[in-house]
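Novice: This is the content of protein32.pdb (PDB, C-alpha atoms):
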ATOM      1  CA  MET H   1     -91.882 -53.367   1.649
ATOM      2  CA  LYS H   2     -90.147 -54.798   4.725
ATOM      3  CA  LYS H   3     -86.737 -54.309   3.101
ATOM      4  CA  GLY H   4     -87.586 -50.690   2.317
ATOM      5  CA  LEU H   5     -88.580 -50.054   5.929
ATOM      6  CA  ILE H   6     -85.346 -51.591   7.227
ATOM      7  CA  LYS H   7     -83.340 -49.489   4.773
ATOM      8  CA  PHE H   8     -85.199 -46.341   5.892
ATOM      9  CA  ALA H   9     -84.606 -47.182   9.567
ATOM     10  CA  LYS H  10     -80.898 -47.794   8.902
ATOM     11  CA  ILE H  11     -80.465 -44.494   7.023
ATOM     12  CA  SER H  12     -82.307 -42.611   9.787
ATOM     13  CA  LEU H  13     -80.177 -44.257  12.482
ATOM     14  CA  TYR H  14     -76.932 -43.459  10.657
ATOM     15  CA  SER H  15     -78.075 -39.861  10.040
ATOM     16  CA  PHE H  16     -78.905 -39.343  13.728
ATOM     17  CA  ALA H  17     -75.617 -40.945  14.795
ATOM     18  CA  LEU H  18     -73.707 -38.723  12.371
ATOM     19  CA  LEU H  19     -75.590 -35.631  13.552
ATOM     20  CA  PHE H  20     -74.882 -36.520  17.189
ATOM     21  CA  ILE H  21     -71.166 -37.093  16.500
ATOM     22  CA  ALA H  22     -71.002 -33.760  14.615
ATOM     23  CA  LEU H  23     -72.700 -32.025  17.577
ATOM     24  CA  VAL H  24     -70.268 -33.591  20.073
ATOM     25  CA  VAL H  25     -67.294 -32.513  17.917
ATOM     26  CA  TYR H  26     -68.752 -28.973  17.605
ATOM     27  CA  ALA H  27     -69.377 -28.792  21.380
ATOM     28  CA  ASN H  28     -65.764 -29.780  22.088
ATOM     29  CA  LEU H  29     -64.039 -27.442  19.631
ATOM     30  CA  GLU H  30     -63.369 -25.114  22.542
ATOM     31  CA  PRO H  31     -63.809 -25.422  26.318
ATOM     32  CA  ALA H  32     -67.161 -24.357  27.802
ATOM     33  CA  PRO H  33     -67.036 -20.730  29.022
ATOM     34  CA  MET H  34     -66.899 -20.079  32.751
ATOM     35  CA  HIS H  35     -70.523 -18.922  32.841
ATOM     36  CA  ALA H  36     -71.509 -22.496  31.937
ATOM     37  CA  HIS H  37     -70.276 -23.533  35.389
ATOM     38  CA  VAL H  38     -72.338 -20.921  37.270
ATOM     39  CA  LYS H  39     -75.791 -21.939  38.500
ATOM     40  CA  PRO H  40     -78.615 -20.306  36.527
ATOM     41  CA  ILE H  41     -80.867 -17.794  38.249
ATOM     42  CA  ASP H  42     -84.418 -16.503  38.038
ATOM     43  CA  MET H  43     -85.687 -13.052  39.039
ATOM     44  CA  THR H  44     -88.771 -11.505  40.581
ATOM     45  CA  ILE H  45     -89.607  -7.781  40.544
ATOM     46  CA  VAL H  46     -92.416  -6.465  42.724
ATOM     47  CA  LYS H  47     -93.933  -3.067  43.343
ATOM     48  CA  VAL H  48     -94.373  -2.307  47.049
ATOM     49  CA  SER H  49     -96.906   0.474  47.569
ATOM     50  CA  GLY H  50     -95.811   3.005  50.177
ATOM     51  CA  LEU H  51     -92.139   2.006  50.026
ATOM     52  CA  GLN H  52     -91.185   5.637  49.308
ATOM     53  CA  LYS H  53     -92.003   6.506  52.906
ATOM     54  CA  THR H  54     -89.893   3.716  54.344
ATOM     55  CA  THR H  55     -86.689   4.534  56.156
ATOM     56  CA  ASN H  56     -85.417   0.977  56.518
ATOM     57  CA  ALA H  57     -84.811  -0.031  52.894
ATOM     58  CA  THR H  58     -81.377  -1.388  53.882
ATOM     59  CA  SER H  59     -82.767  -3.676  56.574
ATOM     60  CA  ILE H  60     -85.518  -4.939  54.204
ATOM     61  CA  GLN H  61     -82.797  -5.642  51.637
ATOM     62  CA  SER H  62     -80.594  -7.550  54.066
ATOM     63  CA  LYS H  63     -83.571  -9.573  55.400
ATOM     64  CA  ILE H  64     -84.521 -10.635  51.851
ATOM     65  CA  SER H  65     -80.859 -11.393  51.047
ATOM     66  CA  GLU H  66     -80.789 -13.801  54.004
ATOM     67  CA  LEU H  67     -83.573 -15.961  52.511
ATOM     68  CA  PRO H  68     -82.303 -19.343  51.283
ATOM     69  CA  GLY H  69     -81.581 -19.378  47.561
ATOM     70  CA  VAL H  70     -81.514 -15.579  47.161
ATOM     71  CA  THR H  71     -78.388 -14.502  45.240
ATOM     72  CA  ALA H  72     -79.006 -10.717  45.204
ATOM     73  CA  CYS H  73     -81.643  -8.187  46.190
ATOM     74  CA  THR H  74     -82.266  -4.472  45.667
ATOM     75  CA  VAL H  75     -84.870  -2.341  47.416
ATOM     76  CA  ASN H  76     -85.345   0.986  45.651
ATOM     77  CA  PRO H  77     -87.644   3.350  47.607
ATOM     78  CA  THR H  78     -87.681   5.883  44.712
ATOM     79  CA  SER H  79     -89.268   3.472  42.238
ATOM     80  CA  GLU H  80     -90.938   1.411  45.024
ATOM     81  CA  LEU H  81     -89.496  -1.654  43.305
ATOM     82  CA  VAL H  82     -87.935  -4.686  44.950
ATOM     83  CA  SER H  83     -85.946  -6.948  42.634
ATOM     84  CA  VAL H  84     -84.567 -10.289  43.721
ATOM     85  CA  THR H  85     -82.468 -12.867  41.869
ATOM     86  CA  PHE H  86     -82.625 -16.415  43.166
ATOM     87  CA  ASP H  87     -81.646 -20.019  42.572
ATOM     88  CA  PRO H  88     -84.850 -21.634  41.208
ATOM     89  CA  ASP H  89     -83.810 -25.009  42.695
ATOM     90  CA  GLN H  90     -83.952 -23.574  46.210
ATOM     91  CA  THR H  91     -86.837 -21.118  46.215
ATOM     92  CA  ASP H  92     -89.422 -19.473  43.963
ATOM     93  CA  ALA H  93     -90.871 -16.065  43.193
ATOM     94  CA  ALA H  94     -94.127 -16.696  45.111
ATOM     95  CA  LYS H  95     -92.264 -17.464  48.377
ATOM     96  CA  ILE H  96     -90.069 -14.363  48.027
ATOM     97  CA  ASN H  97     -92.968 -12.060  47.085
ATOM     98  CA  SER H  98     -95.006 -13.342  50.006
ATOM     99  CA  PHE H  99     -92.067 -12.709  52.393
ATOM    100  CA  VAL H 100     -91.675  -9.146  51.043
ATOM    101  CA  GLY H 101     -95.370  -8.461  51.704
ATOM    102  CA  LYS H 102     -95.257  -9.915  55.225
ATOM    103  CA  TYR H 103     -91.995  -8.228  56.235
ATOM    104  CA  THR H 104     -92.819  -4.769  54.877
ATOM    105  CA  GLU H 105     -96.500  -5.030  55.902
ATOM    106  CA  LYS H 106     -97.361  -3.280  52.639
ATOM    107  CA  SER H 107     -99.328  -4.143  49.534
ATOM    108  CA  VAL H 108     -97.158  -6.044  47.056
ATOM    109  CA  SER H 109     -97.956  -6.514  43.369
ATOM    110  CA  LYS H 110     -96.050  -7.780  40.361
ATOM    111  CA  ALA H 111     -94.276  -4.799  38.758
ATOM    112  CA  SER H 112     -95.665  -3.962  35.341
ATOM    113  CA  PHE H 113     -93.493  -2.846  32.448
ATOM    114  CA  ALA H 114     -96.268  -3.092  29.867
ATOM    115  CA  GLY H 115     -96.772  -0.245  27.428
ATOM    116  CA  ILE H 116     -93.087   0.692  27.272
ATOM    117  CA  GLU H 117     -91.789   0.337  23.761
ATOM    118  CA  ALA H 118     -88.765  -1.930  23.396
ATOM    119  CA  SER H 119     -85.762  -0.392  21.697
ATOM    120  CA  GLY H 120     -82.614  -1.853  20.216
ATOM    121  CA  PRO H 121     -81.928  -4.913  18.068
ATOM    122  CA  GLN H 122     -84.491  -7.691  18.413
ATOM    123  CA  CYS H 123     -83.425 -11.165  17.273
ATOM    124  CA  PRO H 124     -86.016 -12.853  15.010
ATOM    125  CA  VAL H 125     -85.159 -16.242  16.569
ATOM    126  CA  PRO H 126     -86.582 -16.521  20.115
ATOM    127  CA  LEU H 127     -83.703 -16.230  22.567
ATOM    128  CA  SER H 128     -85.035 -19.231  24.524
ATOM    129  CA  TYR H 129     -84.253 -21.459  21.470
ATOM    130  CA  ILE H 130     -80.697 -20.109  21.291
ATOM    131  CA  MET H 131     -80.217 -20.610  25.040
ATOM    132  CA  ALA H 132     -81.598 -24.185  24.837
ATOM    133  CA  PHE H 133     -79.124 -24.976  22.046
ATOM    134  CA  GLU H 134     -76.310 -23.454  24.113
ATOM    135  CA  ARG H 135     -77.271 -25.585  27.134
ATOM    136  CA  MET H 136     -77.254 -28.727  24.965
ATOM    137  CA  LYS H 137     -73.840 -27.749  23.551
ATOM    138  CA  TYR H 138     -72.308 -27.305  27.015
ATOM    139  CA  ALA H 139     -73.885 -30.565  28.236
ATOM    140  CA  LEU H 140     -71.970 -32.373  25.471
ATOM    141  CA  CYS H 141     -68.703 -30.507  26.143
ATOM    142  CA  PHE H 142     -66.155 -32.630  28.011
ATOM    143  CA  ARG H 143     -63.292 -30.132  27.958
TER     144      ARG H 143
ATOM    145  CA  MET T   1     -15.417 -33.961  44.563
ATOM    146  CA  LYS T   2     -17.413 -33.368  47.728
ATOM    147  CA  LYS T   3     -16.630 -29.675  47.536
ATOM    148  CA  ALA T   4     -17.836 -29.461  43.931
ATOM    149  CA  PHE T   5     -21.070 -31.315  44.784
ATOM    150  CA  LEU T   6     -21.678 -28.964  47.719
ATOM    151  CA  SER T   7     -21.114 -25.836  45.649
ATOM    152  CA  VAL T   8     -23.436 -27.131  42.865
ATOM    153  CA  SER T   9     -26.126 -27.888  45.481
ATOM    154  CA  VAL T  10     -25.786 -24.419  47.000
ATOM    155  CA  ALA T  11     -26.014 -22.850  43.539
ATOM    156  CA  LEU T  12     -29.136 -24.923  42.711
ATOM    157  CA  VAL T  13     -30.835 -23.938  45.975
ATOM    158  CA  PHE T  14     -29.972 -20.293  45.303
ATOM    159  CA  ILE T  15     -31.364 -20.432  41.738
ATOM    160  CA  MET T  16     -34.553 -22.209  42.863
ATOM    161  CA  SER T  17     -35.176 -19.772  45.695
ATOM    162  CA  SER T  18     -34.661 -16.792  43.374
ATOM    163  CA  CYS T  19     -37.179 -18.304  40.890
ATOM    164  CA  LYS T  20     -39.690 -18.713  43.720
ATOM    165  CA  LYS T  21     -39.213 -15.069  44.696
ATOM    166  CA  GLU T  22     -39.884 -14.027  41.090
ATOM    167  CA  GLU T  23     -43.079 -16.140  41.055
ATOM    168  CA  GLU T  24     -44.235 -14.588  44.309
ATOM    169  CA  ALA T  25     -43.503 -11.113  43.038
ATOM    170  CA  ALA T  26     -45.717 -11.561  39.917
ATOM    171  CA  PRO T  27     -48.705  -9.269  40.410
ATOM    172  CA  LYS T  28     -52.116 -10.886  40.690
ATOM    173  CA  SER T  29     -54.555 -10.145  37.872
ATOM    174  CA  LEU T  30     -57.594  -7.972  38.560
ATOM    175  CA  TYR T  31     -59.697 -11.125  38.003
ATOM    176  CA  ASP T  32     -57.935 -12.904  40.889
ATOM    177  CA  ARG T  33     -58.063  -9.826  43.101
ATOM    178  CA  LEU T  34     -61.817  -9.537  42.481
ATOM    179  CA  GLY T  35     -62.224 -13.142  43.647
ATOM    180  CA  GLY T  36     -62.681 -15.137  40.432
ATOM    181  CA  VAL T  37     -65.859 -16.281  38.731
ATOM    182  CA  SER T  38     -67.956 -16.836  41.886
ATOM    183  CA  ALA T  39     -67.307 -13.297  43.159
ATOM    184  CA  ILE T  40     -67.882 -11.823  39.703
ATOM    185  CA  SER T  41     -71.199 -13.687  39.328
ATOM    186  CA  ALA T  42     -72.288 -12.429  42.774
ATOM    187  CA  VAL T  43     -71.462  -8.829  41.741
ATOM    188  CA  VAL T  44     -73.253  -9.347  38.401
ATOM    189  CA  ASP T  45     -76.406 -10.635  40.168
ATOM    190  CA  GLN T  46     -76.384  -7.586  42.456
ATOM    191  CA  PHE T  47     -75.812  -5.321  39.459
ATOM    192  CA  ILE T  48     -78.797  -6.904  37.648
ATOM    193  CA  THR T  49     -81.143  -6.389  40.620
ATOM    194  CA  ASN T  50     -79.904  -2.793  40.966
ATOM    195  CA  VAL T  51     -80.647  -2.174  37.291
ATOM    196  CA  ALA T  52     -84.068  -3.878  37.473
ATOM    197  CA  ALA T  53     -85.181  -1.610  40.332
ATOM    198  CA  ASP T  54     -83.650   1.557  38.865
ATOM    199  CA  PRO T  55     -86.299   3.876  37.301
ATOM    200  CA  ASN T  56     -83.658   5.329  34.941
ATOM    201  CA  MET T  57     -82.967   1.889  33.482
ATOM    202  CA  VAL T  58     -86.548   0.816  32.692
ATOM    203  CA  ARG T  59     -86.521   2.114  29.097
ATOM    204  CA  THR T  60     -83.239   0.411  28.230
ATOM    205  CA  PHE T  61     -84.073  -2.945  29.791
ATOM    206  CA  THR T  62     -87.788  -3.082  28.891
ATOM    207  CA  PRO T  63     -87.649  -6.310  26.798
ATOM    208  CA  LEU T  64     -85.759  -8.129  29.562
ATOM    209  CA  LEU T  65     -88.015  -6.839  32.349
ATOM    210  CA  GLN T  66     -91.184  -7.671  30.401
ATOM    211  CA  GLU T  67     -89.990 -11.216  29.700
ATOM    212  CA  VAL T  68     -88.885 -11.806  33.300
ATOM    213  CA  GLN T  69     -92.355 -10.799  34.484
ATOM    214  CA  LYS T  70     -93.842 -13.334  32.037
ATOM    215  CA  GLY T  71     -91.596 -16.045  33.518
ATOM    216  CA  ASN T  72     -89.173 -16.190  30.566
ATOM    217  CA  THR T  73     -85.593 -16.042  31.831
ATOM    218  CA  ALA T  74     -83.774 -16.408  28.467
ATOM    219  CA  ARG T  75     -82.829 -12.707  28.192
ATOM    220  CA  LEU T  76     -81.872 -12.543  31.870
ATOM    221  CA  THR T  77     -79.621 -15.592  31.457
ATOM    222  CA  ALA T  78     -78.067 -14.204  28.255
ATOM    223  CA  LEU T  79     -77.368 -10.824  29.888
ATOM    224  CA  ARG T  80     -75.903 -12.453  33.008
ATOM    225  CA  ASN T  81     -73.703 -14.828  30.973
ATOM    226  CA  ASN T  82     -72.447 -11.980  28.780
ATOM    227  CA  LEU T  83     -71.697  -9.776  31.804
ATOM    228  CA  ILE T  84     -69.817 -12.580  33.599
ATOM    229  CA  ASP T  85     -67.768 -13.279  30.449
ATOM    230  CA  GLN T  86     -67.191  -9.609  29.661
ATOM    231  CA  ILE T  87     -66.091  -8.626  33.181
ATOM    232  CA  GLY T  88     -64.075 -11.856  33.463
ATOM    233  CA  GLN T  89     -62.259 -11.201  30.189
ATOM    234  CA  ALA T  90     -61.755  -7.480  30.874
ATOM    235  CA  SER T  91     -60.209  -8.262  34.269
ATOM    236  CA  GLY T  92     -57.777 -10.830  32.864
ATOM    237  CA  GLY T  93     -59.733 -14.009  33.669
ATOM    238  CA  PRO T  94     -60.113 -17.137  31.520
ATOM    239  CA  GLN T  95     -63.542 -16.108  30.242
ATOM    240  CA  LYS T  96     -64.055 -15.232  26.614
ATOM    241  CA  TYR T  97     -66.810 -12.779  25.708
ATOM    242  CA  THR T  98     -68.723 -14.277  22.795
ATOM    243  CA  GLY T  99     -71.641 -11.821  22.630
ATOM    244  CA  LYS T 100     -72.213  -9.079  20.079
ATOM    245  CA  ASP T 101     -69.800  -6.150  19.916
ATOM    246  CA  MET T 102     -70.976  -3.137  21.925
ATOM    247  CA  VAL T 103     -72.001  -1.031  18.894
ATOM    248  CA  THR T 104     -74.158  -3.823  17.391
ATOM    249  CA  ALA T 105     -75.662  -4.774  20.776
ATOM    250  CA  HIS T 106     -76.794  -1.182  21.448
ATOM    251  CA  LYS T 107     -77.771  -0.178  17.898
ATOM    252  CA  GLY T 108     -81.025   1.787  17.864
ATOM    253  CA  MET T 109     -81.267   1.988  21.658
ATOM    254  CA  LYS T 110     -80.232   5.661  21.737
ATOM    255  CA  ILE T 111     -78.797   5.325  25.230
ATOM    256  CA  THR T 112     -78.276   8.729  26.840
ATOM    257  CA  ASP T 113     -75.436   9.941  29.059
ATOM    258  CA  THR T 114     -77.858   9.916  32.034
ATOM    259  CA  GLU T 115     -78.752   6.286  31.385
ATOM    260  CA  PHE T 116     -75.103   5.282  31.004
ATOM    261  CA  ASN T 117     -74.174   7.110  34.212
ATOM    262  CA  SER T 118     -77.054   5.399  36.060
ATOM    263  CA  LEU T 119     -75.739   2.061  34.806
ATOM    264  CA  VAL T 120     -72.264   2.865  36.127
ATOM    265  CA  ASN T 121     -73.791   3.931  39.476
ATOM    266  CA  ASP T 122     -75.649   0.597  39.660
ATOM    267  CA  LEU T 123     -72.371  -1.237  39.046
ATOM    268  CA  VAL T 124     -70.540   0.848  41.659
ATOM    269  CA  ALA T 125     -73.324   0.107  44.184
ATOM    270  CA  ALA T 126     -72.925  -3.621  43.448
ATOM    271  CA  LEU T 127     -69.144  -3.424  43.900
ATOM    272  CA  ASN T 128     -69.604  -1.477  47.152
ATOM    273  CA  LYS T 129     -72.036  -4.107  48.463
ATOM    274  CA  PHE T 130     -69.225  -6.661  48.244
ATOM    275  CA  ASN T 131     -66.621  -4.238  49.650
ATOM    276  CA  VAL T 132     -64.494  -4.307  46.501
ATOM    277  CA  PRO T 133     -61.565  -1.947  47.261
ATOM    278  CA  ALA T 134     -61.328   1.405  45.440
ATOM    279  CA  THR T 135     -58.220   0.363  43.451
ATOM    280  CA  GLU T 136     -59.958  -2.677  41.941
ATOM    281  CA  GLN T 137     -63.167  -0.666  41.354
ATOM    282  CA  ASN T 138     -61.246   2.053  39.493
ATOM    283  CA  GLU T 139     -59.364  -0.502  37.387
ATOM    284  CA  LEU T 140     -62.585  -2.267  36.398
ATOM    285  CA  LEU T 141     -64.518   0.952  35.767
ATOM    286  CA  GLY T 142     -61.580   2.225  33.717
ATOM    287  CA  VAL T 143     -61.783  -0.800  31.432
ATOM    288  CA  LEU T 144     -65.581  -0.694  31.122
ATOM    289  CA  GLY T 145     -65.682   3.115  30.912
ATOM    290  CA  GLY T 146     -63.678   2.834  27.706
ATOM    291  CA  LEU T 147     -66.759   1.268  26.098
ATOM    292  CA  LYS T 148     -68.918   4.368  26.703
ATOM    293  CA  GLY T 149     -68.386   5.702  23.186
ATOM    294  CA  GLN T 150     -69.594   2.408  21.720
ATOM    295  CA  ILE T 151     -72.729   2.330  23.898
ATOM    296  CA  VAL T 152     -74.049   5.901  24.221
ATOM    297  CA  GLY T 153     -75.989   7.458  21.332
ATOM    298  CA  GLN T 154     -76.057   4.374  19.082
TER     299      GLN T 154
END
Represent the structure from my file as structure tokens, please.
Specialist:
Amino acid sequence: MKKGLIKFAKISLYSFALLFIALVVYANLEPAPMHAHVKPIDMTIVKVSGLQKTTNATSIQSKISELPGVTACTVNPTSELVSVTFDPDQTDAAKINSFVGKYTEKSVSKASFAGIEASGPQCPVPLSYIMAFERMKYALCFR
Amino acid sequence: MKKAFLSVSVALVFIMSSCKKEEEAAPKSLYDRLGGVSAISAVVDQFITNVAADPNMVRTFTPLLQEVQKGNTARLTALRNNLIDQIGQASGGPQKYTGKDMVTAHKGMKITDTEFNSLVNDLVAALNKFNVPATEQNELLGVLGGLKGQIVGQ
């Protein structure tokens, strides 16, 4: 019984080691692409009621762009949408949304895109799994 | 002997200086003129926010926008990575685009001319935000404009 367990543990250990070595070799077949060296971003999109009447969309945009961690911002008075990309290590959506509300002095709500049918090819494997695998691959790439 | 050494030295200096001139004269790639990967990623981020707030783009980017609002950034990250690689490669940078080809990526989306033109306008607005000169803009748009046939009406 004890011998069998040791044998099983040894086989498992060797299999994991082999799998890890194979993964490291696969990750180093080619250098990591440049996008692997760019910090990841997050995005928030809010609807600002009454933004159509505003005349200072540009100043709102530059004020939001000055917030720490914000990488880009667009204020579109036609759609009344404000979209902001940011570094999630430096700020978060709640802080940005709250600033937008305070600065514009208007009602801010999370933009809704529900009810619009998605078109185009949809991958059966969740993209988050593919992205997680890609992150692991680049973490093991030393080139 | 001294004379020969002097003439060889002069010849070497002349050859080396002419090589340097040739190196200096080599035109910079569009990638370098745009400012490399950091500038391209800044333009891509601006382009993404322009698209996200553009009412003409909602239909095309619905899955991405819906997932972002649910707090899932996988599609956003994939789009951003692909755009950085695609623009980087198209402008002569070291990036290699590894995403789907344009026909496969847009199959079934039935993108219209209006939607494609709005997308181009969003990109131009992003380039303008970073004061990218007209020459570089036209070169980049020329490369990407060539993909229109593979994107529209698929």
Novice: For the contact check between chain H and chain T, emit one row per residue of chain H within 6 Å, containing the shortest atom pair and the distance in Å rounded to one decimal, counting all atoms listed in the file, chain then rising number order, as JSON lines.
Specialist:
{"residue": "H:Pro33", "atom": "CA", "partner": "T:Gln95", "partner_atom": "CA", "distance": 5.9}
{"residue": "H:Met34", "atom": "CA", "partner": "T:Gln95", "partner_atom": "CA", "distance": 5.8}
{"residue": "H:His35", "atom": "CA", "partner": "T:Asn81", "partner_atom": "CA", "distance": 5.5}
{"residue": "H:Ala72", "atom": "CA", "partner": "T:Gln46", "partner_atom": "CA", "distance": 4.9}
{"residue": "H:Cys73", "atom": "CA", "partner": "T:Thr49", "partner_atom": "CA", "distance": 5.9}
{"residue": "H:Thr74", "atom": "CA", "partner": "T:Thr49", "partner_atom": "CA", "distance": 5.5}
{"residue": "H:Asn76", "atom": "CA", "partner": "T:Ala53", "partner_atom": "CA", "distance": 5.9}
{"residue": "H:Ser79", "atom": "CA", "partner": "T:Pro55", "partner_atom": "CA", "distance": 5.8}
{"residue": "H:Leu81", "atom": "CA", "partner": "T:Ala53", "partner_atom": "CA", "distance": 5.2}
{"residue": "H:Ser83", "atom": "CA", "partner": "T:Thr49", "partner_atom": "CA", "distance": 5.2}
{"residue": "H:Phe113", "atom": "CA", "partner": "T:Gln66", "partner_atom": "CA", "distance": 5.7}
{"residue": "H:Ala118", "atom": "CA", "partner": "T:Pro63", "partner_atom": "CA", "distance": 5.7}
{"residue": "H:Ser119", "atom": "CA", "partner": "T:Met109", "partner_atom": "CA", "distance": 5.1}
{"residue": "H:Gly120", "atom": "CA", "partner": "T:Met109", "partner_atom": "CA", "distance": 4.3}
{"residue": "H:Leu127", "atom": "CA", "partner": "T:Ala74", "partner_atom": "CA", "distance": 5.9}
{"residue": "H:Ser128", "atom": "CA", "partner": "T:Ala74", "partner_atom": "CA", "distance": 5.0}
Novice: Using the chain letters and residue numbers of this document, give as a list in words the residues selected by the PyMOL selection byres ((chain H and resi 40) around 8).
Specialist: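 Applying the expression gives Val38, Lys39, Ile41, Asp42, Asp87 and Pro88 of chain H; Thr77 of chain T.
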Novice: Between CA of Thr85 in chain H and CA of Ser112 in chain H, what is the spacing in Å?
Specialist: 17.2 Å
Novice: Please, what distance in Å, to one decimal, runs between CA of Ala32 in chain H and CA of Cys141 in chain H?
Specialist: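 Interatomic distance here is 6.6 Å.
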Novice: Could you check the closest approach to Leu127 in chain T for each of T:Lys70, T:Gln89, T:Met57, T:Ile40 and tell me which residue wins, using only C-alpha atoms?
Specialist: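 Nearest candidate to Leu127 in chain T out of T:Lys70, T:Gln89, T:Met57, T:Ile40: T:Ile40.
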Novice: Work out how far CA of Arg33 in chain T is from CA of Thr135 in chain T, in Å to one decimal.
Specialist: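 Interatomic distance, CA of Thr135 in chain T to CA of Arg33 in chain T: 10.2 Å.
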Novice: Please provide the set of residues having any atom within 6 Å of range 147-151 of chain T, restricted to all atoms listed in the file, with same-chain residues fewer than 3 positions apart removed, written as a PyMOL selection string.
Specialist: chain T and resi 102-103+106+144
Novice: Report as a ChimeraX atom specification the residues that result from applying the PyMOL selection byres ((chain H and resi 53) around 12) to the structure here.
Specialist: /H:48-52,54-57,76-80,104,106
Novice: I'd like to know which of T:Gln137, T:Gly92, T:Lys28, T:Asp113 is closest to Ala125 in chain T, using only C-alpha atoms.
Specialist: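 Checking each candidate against Ala125 in chain T, we get T:Gln137 as the closest.
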Novice: Which residues would end up in the selection if the PyMOL selection byres ((chain H and resi 96) around 10) were applied here, given that I need the answer as a list in words?
Specialist: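 Those residues are Thr44, Ile45, Val46, Ile64, Leu67, Pro68, Gly69, Val70, Val84, Thr85, Phe86, Thr91, Asp92, Ala93, Ala94, Lys95, Asn97, Ser98, Phe99, Val100, Gly101 and Lys102 of chain H.
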Novice: Which residue, H:Tyr103, H:Phe8, H:Phe16, H:Phe142, has the smallest gap to Leu29 in chain H when you use all atoms listed in the file?
Specialist: H:Phe142
Novice: Around range 22-32 of chain H, fit a box with edges along x, y and z, padding it by 6 Å on each side, then list its centre and edge lengths in Å to one decimal as lines of an AutoDock Vina configuration file.
Specialist:
center_x = -68.0
center_y = -29.1
center_z = 21.2
size_x = 21.3
size_y = 21.4
size_z = 25.2
